[in-house]
Amino acid sequence: MNQVAKKKLLTAEDWQEGALNVIAHQGVSKVAIEPLAKELGVTKGSFYWHFSNREDLVKQALNRWREKDKELINEKILPVKNPKERLLAWFKLSAEPIQTHLIYSTLLADRSDNIISKILKEVTLERLSYLQDSYLQMGYDTAQAKSQSLMAYSVYVGFLHMSKTLYGSLPDSRDAEEYAQYVAKQLIP
C-alpha cells in the first residue's frame, strides 16, 4: 500500500493510539497535534477530520484507554471464578510491562487536570471494587475487604511509581514477576 493510500485510511482510533503512546511515555502535556501528525505520517489537517481540538483528542484517547483497560480486566481477571486465584491473576497482571500500567502511572502525575482526575477516580474505584469483591468472596467482612483492597491497590500504585522512577518504565523481567508473586503471598492469605 502506498503512502497516499495509507494516509487516507488513518482513523480516529489511530490518532487516539498515537496520543496514548505519547501519554504513556511522556505525559498528557506532551500530546501535540503537529508532532503526532508527523509521527503518524499525515498532515495536521487529517486531525481535524476526527477531532475538534487537542482536548477532544485527549478526552477520546483516555476514554479509549479506559475501555481497553476494562476489556483487559474482563478478559484476564473477572472470568476467574476462585477469588484467591482471581487475586493472584490481578497481581500477575499488575507486574506485566503493558501500556495500560504506564498510562495509569503517568496520569497520576497529571491528576490536577479535571478530565484526568475524573477518569482516574472512576478507574481506581472500579479496580478497588473488583479487589474488594474478591476479598469479600474469600470470607472477609466488608471493613476488612475494603482495607485489604486499599492496601493491595496501594502496593500496585507504588510499584508503578517506583518502576518509572527507577527504570523510566516498567521492568520487563523475571524480577517483576517474582515481585508480583511475593506481593501476592503477602496480600492473599
# chains A, B, ... in the order shown; residues from 1 in each chain; ligands from 1
call {"tool": "residues_around", "arguments": {"residues": "A:Glu75", "least_positions_apart": "5", "cutoff": "12 Å", "atoms": "only C-alpha atoms", "output": "PyMOL selection string"}}
result
chain A and resi 68-70+80+86+89-90+93
call {"tool": "write_last_selection", "arguments": {"atoms": "C-alpha atoms", "output": "PDB file, in the first residue's frame"}}
result
ATOM      1  CA  LYS A  68      -9.332  -1.147  26.627  1.00  0.00           C
ATOM      2  CA  ASP A  69      -8.371  -1.439  30.300  1.00  0.00           C
ATOM      3  CA  LYS A  70     -11.870  -2.712  31.149  1.00  0.00           C
ATOM      4  CA  VAL A  80     -11.522 -16.431  37.170  1.00  0.00           C
ATOM      5  CA  ARG A  86      -8.583 -14.089  40.746  1.00  0.00           C
ATOM      6  CA  ALA A  89      -4.243 -13.168  38.412  1.00  0.00           C
ATOM      7  CA  TRP A  90      -4.629  -9.482  39.351  1.00  0.00           C
ATOM      8  CA  LEU A  93      -1.227  -8.753  35.537  1.00  0.00           C
TER       9      LEU A  93
END
call {"tool": "residues_around", "arguments": {"residues": "stretch 179-181 of chain A", "least_positions_apart": "4", "cutoff": "7 Å", "atoms": "only C-alpha atoms", "output": "list in words"}}
result
Phe91, Lys92, Ala95, Asp175 and Lys185 of chain A
call {"tool": "closest_residue", "arguments": {"among": "A:Lys81, A:Asp14, A:Pro97, A:Thr43", "to": "A:Ala61", "atoms": "only C-alpha atoms"}}
result
A:Asp14
call {"tool": "atom_distance", "arguments": {"atom1": "atom CA of A:Ala19", "atom2": "atom CA of A:Arg64"}}
result
10.5 Å
call {"tool": "closest_residue", "arguments": {"among": "A:Leu10, A:Leu88, A:Ala109, A:Leu72", "to": "A:Ser29", "atoms": "only C-alpha atoms"}}
result
A:Ala109
call {"tool": "residues_around", "arguments": {"residues": "A:Gln132", "least_positions_apart": "2", "cutoff": "6 Å", "atoms": "only C-alpha atoms", "output": "count of residues only"}}
result
8
call {"tool": "residues_around", "arguments": {"residues": "A:Lys164", "least_positions_apart": "2", "cutoff": "12 Å", "atoms": "only C-alpha atoms", "output": "list in words"}}
result
Ala24, His25, Gln26, Pro97, His101, Leu102, Ile103, Tyr104, Ser105, Thr106, Leu108, Ala109, Val157, Gly158, Phe159, Leu160, His161, Met162, Leu166, Tyr167, Gly168, Ser169, Leu170 and Pro171 of chain A
call {"tool": "write_last_selection", "arguments": {"atoms": "C-alpha atoms", "output": "compact mmCIF listing (two decimals), in the first residue's frame"}}
result
# COMPACT_ATOMS: atom_id res chain seq x y z
CA ALA A 24 2.30 6.51 28.38
CA HIS A 25 5.88 7.61 27.81
CA GLN A 26 5.87 11.40 28.11
CA PRO A 97 5.00 -4.35 31.37
CA HIS A 101 0.04 0.49 33.55
CA LEU A 102 2.31 3.13 32.02
CA ILE A 103 -0.68 5.28 31.13
CA TYR A 104 -2.17 4.94 34.61
CA SER A 105 1.08 5.87 36.35
CA THR A 106 1.64 8.81 34.02
CA LEU A 108 -1.30 10.01 38.34
CA ALA A 109 1.29 12.73 37.79
CA VAL A 157 0.38 2.16 42.55
CA GLY A 158 3.65 2.21 44.50
CA PHE A 159 5.13 -0.41 42.19
CA LEU A 160 4.20 1.66 39.14
CA HIS A 161 5.64 4.83 40.67
CA MET A 162 8.90 3.19 41.73
CA LEU A 166 13.97 3.78 38.96
CA TYR A 167 13.80 2.47 35.41
CA GLY A 168 11.88 5.12 33.48
CA SER A 169 9.35 2.43 32.60
CA LEU A 170 8.04 -0.88 33.88
CA PRO A 171 10.69 -3.56 34.25
call {"tool": "closest_residue", "arguments": {"among": "A:Asn82, A:Ser46, A:Ser154, A:Gln16", "to": "A:Ser94", "atoms": "only C-alpha atoms"}}
result
A:Ser154
call {"tool": "closest_residue", "arguments": {"among": "A:Ala184, A:Lys118, A:Thr165, A:Asn74", "to": "A:Met151", "atoms": "only C-alpha atoms"}}
result
A:Ala184
call {"tool": "select_by_dssp", "arguments": {"residues": "chain A", "states": "alpha helix (DSSP H)", "output": "PyMOL selection string"}}
result
chain A and resi 3-8+12-26+33-40+44-50+54-76+83-95+99-109+114-137+142-167+174-187
call {"tool": "residues_around", "arguments": {"residues": "A:Pro189", "least_positions_apart": "6", "cutoff": "12 Å", "atoms": "only C-alpha atoms", "output": "ChimeraX atom specification"}}
result
/A:83-85,87-88,135,138-140,148,183
call {"tool": "write_last_selection", "arguments": {"atoms": "N, CA and C atoms", "output": "short mmCIF file (atom, residue, chain, number, x, y, z; two decimals), in the first residue's frame"}}
result
data_model
loop_
_atom_site.label_atom_id
_atom_site.label_comp_id
_atom_site.auth_asym_id
_atom_site.auth_seq_id
_atom_site.Cartn_x
_atom_site.Cartn_y
_atom_site.Cartn_z
N PRO A 83 -11.93 -16.77 44.02
CA PRO A 83 -11.48 -15.42 44.38
C PRO A 83 -9.98 -15.33 44.69
N LYS A 84 -9.42 -16.35 45.27
CA LYS A 84 -7.98 -16.34 45.56
C LYS A 84 -7.17 -16.38 44.26
N GLU A 85 -7.60 -17.22 43.34
CA GLU A 85 -6.93 -17.29 42.03
C GLU A 85 -7.13 -15.99 41.24
N LEU A 87 -7.41 -12.97 42.56
CA LEU A 87 -6.46 -12.01 43.13
C LEU A 87 -5.04 -12.29 42.63
N LEU A 88 -4.68 -13.56 42.56
CA LEU A 88 -3.36 -13.92 42.05
C LEU A 88 -3.21 -13.46 40.60
N TYR A 135 -11.99 -10.19 47.91
CA TYR A 135 -11.75 -10.39 49.35
C TYR A 135 -13.04 -10.75 50.08
N MET A 138 -13.77 -14.28 49.64
CA MET A 138 -12.86 -15.13 50.41
C MET A 138 -13.27 -15.21 51.88
N GLY A 139 -14.29 -14.44 52.27
CA GLY A 139 -14.79 -14.52 53.64
C GLY A 139 -14.46 -13.33 54.52
N TYR A 140 -13.82 -12.32 53.97
CA TYR A 140 -13.55 -11.11 54.74
C TYR A 140 -14.87 -10.38 54.98
N GLN A 148 -8.12 -4.38 52.95
CA GLN A 148 -7.20 -5.25 52.21
C GLN A 148 -7.09 -4.81 50.75
N VAL A 183 4.31 -10.27 46.48
CA VAL A 183 3.21 -9.42 46.94
C VAL A 183 1.95 -10.26 47.14
#
call {"tool": "closest_residue", "arguments": {"among": "A:Val31, A:Leu40, A:Val123, A:Val155", "to": "A:Leu57", "atoms": "only C-alpha atoms"}}
result
A:Val31
call {"tool": "closest_residue", "arguments": {"among": "A:Leu131, A:Leu120, A:Ala32, A:Ala176", "to": "A:Asp56", "atoms": "only C-alpha atoms"}}
result
A:Ala32
